[in-house]
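Let me begin by presenting the structure, written as structure tokens, before commenting on it.
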Amino acid sequence: SSIAWAYATAKEAHPELLKKFAFAAIKKRTEFNSQHIANFLWACSSNGHIDRDLFSSFIPTVIENLSKCNNQGLANIGWAFAVANVDASEIFNDDFINACLEKEFVLEDLCQLHQWHLWQEELKSDVRLPPKLQEKCFKSFLATVPKSSAFQDDVFSELSSLSLQPEEEVLTKRGYRLDA
């Protein structure tokens, strides 16, 4: 998980290597601790490695380790599943919300939780952040200067090479940021 995290943090996309990591991770997922789970799933989503089987296979492991997650781990897991668009109602339920309410989140975590919350709305899920935390997440998201991902940079370059003039980081009224 640490190597995948390092590549994602450095914005270095190596899809074939990430596939191999994912294959190995599925086999060894029960050996992952809460931090390794959060870092690995975050790294996969950050690098655009959206593998439904990978995320689905980690659901029981996430559930087993949810109570051991720190604030960043909870936010990373929520964000990673949202980016992968893998519905995991077994994870994202009242236990997840209660775990969130027990933590103090920093700005980046609040932004990730805002994106997770938007995803829950999109899924028409009954699980939502409490209004006070929703508002805190939304305000944090608006106050943050966005950072592009390696995948976003690639998309922008491709669109530009087609003589298109894409805008980056367009903010919608609902609080979504459109990459390009």
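Labeling convention for the structure tokens: chains A, B, ... as they appear, residues from 1 per chain, ligands from 1 in order of appearance.
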Tell me, counting only C-alpha atoms, for each residue of region 89-120 of chain A within 8 Å of region 128-139 of chain A, which pair of atoms is nearest and how far apart they are in Å to one decimal, in rows ordered by chain and increasing number, as a Markdown table.
| residue | atom | partner | partner_atom | distance |
| --- | --- | --- | --- | --- |
| A:Ile97 | CA | A:Leu129 | CA | 6.4 |
| A:Leu110 | CA | A:Cys137 | CA | 4.6 |
| A:Cys111 | CA | A:Cys137 | CA | 5.7 |
| A:Leu113 | CA | A:Cys137 | CA | 6.5 |
| A:His114 | CA | A:Cys137 | CA | 5.0 |
| A:His117 | CA | A:Arg128 | CA | 6.3 |
| A:Gln120 | CA | A:Arg128 | CA | 6.8 |
Written file, previous selection with all heavy atoms, as a tab-separated table (two decimals), in the first residue's frame:
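Output contents, as saved in part_15.tsv:
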chain	number	residue	atom	x	y	z
A	97	ILE	N	-21.25	7.08	9.83
A	97	ILE	CA	-21.60	8.45	10.26
A	97	ILE	C	-21.19	8.66	11.71
A	97	ILE	O	-20.58	9.69	12.04
A	97	ILE	CB	-23.11	8.71	10.08
A	97	ILE	CG1	-23.51	8.64	8.60
A	97	ILE	CG2	-23.51	10.06	10.68
A	97	ILE	CD1	-22.82	9.62	7.69
A	110	LEU	N	-12.32	17.15	5.33
A	110	LEU	CA	-13.67	17.72	5.18
A	110	LEU	C	-14.04	17.83	3.70
A	110	LEU	O	-15.19	17.57	3.32
A	110	LEU	CB	-13.75	19.08	5.86
A	110	LEU	CG	-13.67	19.05	7.39
A	110	LEU	CD1	-13.43	20.46	7.94
A	110	LEU	CD2	-14.91	18.44	7.99
A	111	CYS	N	-13.07	18.17	2.87
A	111	CYS	CA	-13.32	18.25	1.42
A	111	CYS	C	-13.66	16.87	0.86
A	111	CYS	O	-14.58	16.73	0.04
A	111	CYS	CB	-12.11	18.81	0.70
A	111	CYS	SG	-11.80	20.55	1.10
A	113	LEU	N	-14.94	14.37	2.53
A	113	LEU	CA	-16.26	14.00	3.05
A	113	LEU	C	-17.37	14.73	2.29
A	113	LEU	O	-18.46	14.18	2.09
A	113	LEU	CB	-16.37	14.28	4.55
A	113	LEU	CG	-15.63	13.30	5.45
A	113	LEU	CD1	-15.70	13.75	6.90
A	113	LEU	CD2	-16.19	11.89	5.31
A	114	HIS	N	-17.10	15.96	1.88
A	114	HIS	CA	-18.08	16.68	1.06
A	114	HIS	C	-18.33	15.92	-0.24
A	114	HIS	O	-19.48	15.73	-0.65
A	114	HIS	CB	-17.60	18.10	0.76
A	114	HIS	CG	-18.47	18.82	-0.22
A	114	HIS	ND1	-19.75	19.20	0.08
A	114	HIS	CD2	-18.23	19.19	-1.50
A	114	HIS	CE1	-20.28	19.80	-0.98
A	114	HIS	NE2	-19.39	19.79	-1.95
A	117	HIS	N	-20.32	12.89	0.46
A	117	HIS	CA	-21.72	13.25	0.73
A	117	HIS	C	-22.48	13.51	-0.58
A	117	HIS	O	-23.62	13.06	-0.74
A	117	HIS	CB	-21.79	14.47	1.64
A	117	HIS	CG	-23.18	14.85	1.99
A	117	HIS	ND1	-23.88	14.23	2.99
A	117	HIS	CD2	-24.02	15.75	1.45
A	117	HIS	CE1	-25.10	14.75	3.05
A	117	HIS	NE2	-25.21	15.68	2.13
A	120	GLN	N	-23.34	10.25	-2.04
A	120	GLN	CA	-24.48	9.62	-1.37
A	120	GLN	C	-25.79	10.21	-1.88
A	120	GLN	O	-26.77	9.49	-2.07
A	120	GLN	CB	-24.38	9.77	0.16
A	120	GLN	CG	-23.25	8.97	0.79
A	120	GLN	CD	-23.38	7.49	0.53
A	120	GLN	OE1	-24.35	6.85	0.92
A	120	GLN	NE2	-22.39	6.93	-0.15
Residues at most 10 Å from region 64-66 of chain A, counting only C-alpha atoms, excluding those fewer than 5 positions away in the same chain, as a ChimeraX atom specification? /A:30,32-35,37-38,58-59,73-74,77,91,95-96,99
Would you return as a PyMOL selection string the members of region 23-180 of chain A that DSSP assigns to helix (DSSP H, G or I) on this structure's backbone? chain A and resi 23-31+34-46+52-68+71-84+94-101+107-122+131-143+150-161
With only C-alpha atoms as the counted atoms, please give the residues lying no more than 10 Å from Asn93 (chain A), apart from itself and same-chain residues fewer than 3 positions off, as a ChimeraX atom specification. /A:88-90,96-98,125-128
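Each of A:Leu159, A:Asn71, A:Glu122, A:Val83 was checked against Glu104 (chain A) using only C-alpha atoms; the smallest atom-to-atom distance is that of A:Asn71.
Restricting the calculation to only C-alpha atoms, the smallest distance between Ala150 (chain A) and any of A:Ala75, A:Ala22, A:Ala43, A:Leu171 is found for A:Ala43.
One finds CA of Leu107 (chain A) at 24.8 Å from CA of Ile63 (chain A).
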Sel. of strand (DSSP E) residues, chain A, as a PyMOL selection string: chain A and resi 170-171+177-178
Do a neighbour search on Gln115 (chain A) at 8 Å with only C-alpha atoms, toss out local chain neighbours closer than 3 positions, and write the hits as a VMD selection string. chain A and resid 79 82 111 to 112 118 to 119 176
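Among the candidates A:Ala84, A:Leu178, A:Ala25, A:Leu18, the one nearest to Trp116 (chain A) when counting only C-alpha atoms is A:Ala84.
Restricting the calculation to only C-alpha atoms, the smallest distance between Ser45 (chain A) and any of A:Cys69, A:Val86, A:Val170, A:Leu123 is found for A:Val86.
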Kindly give the distance, in Å, that separates CA of Gln165 (chain A) and CA of Phe141 (chain A), rounded to a single decimal. 25.2 Å
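Distance check against Phe81 (chain A) using only C-alpha atoms: of A:Asp51, A:Asp153, A:Asp109, A:Glu16, the minimum falls on A:Asp51.
Counting from CA of Asp87 (chain A), the distance to CA of Ser67 (chain A) is 19.7 Å.
Ranking A:Ser56, A:Ser163, A:Asn76, A:Asn85 by their shortest atom-to-atom distance to Phe40 (chain A), with only C-alpha atoms included, puts A:Asn76 first.
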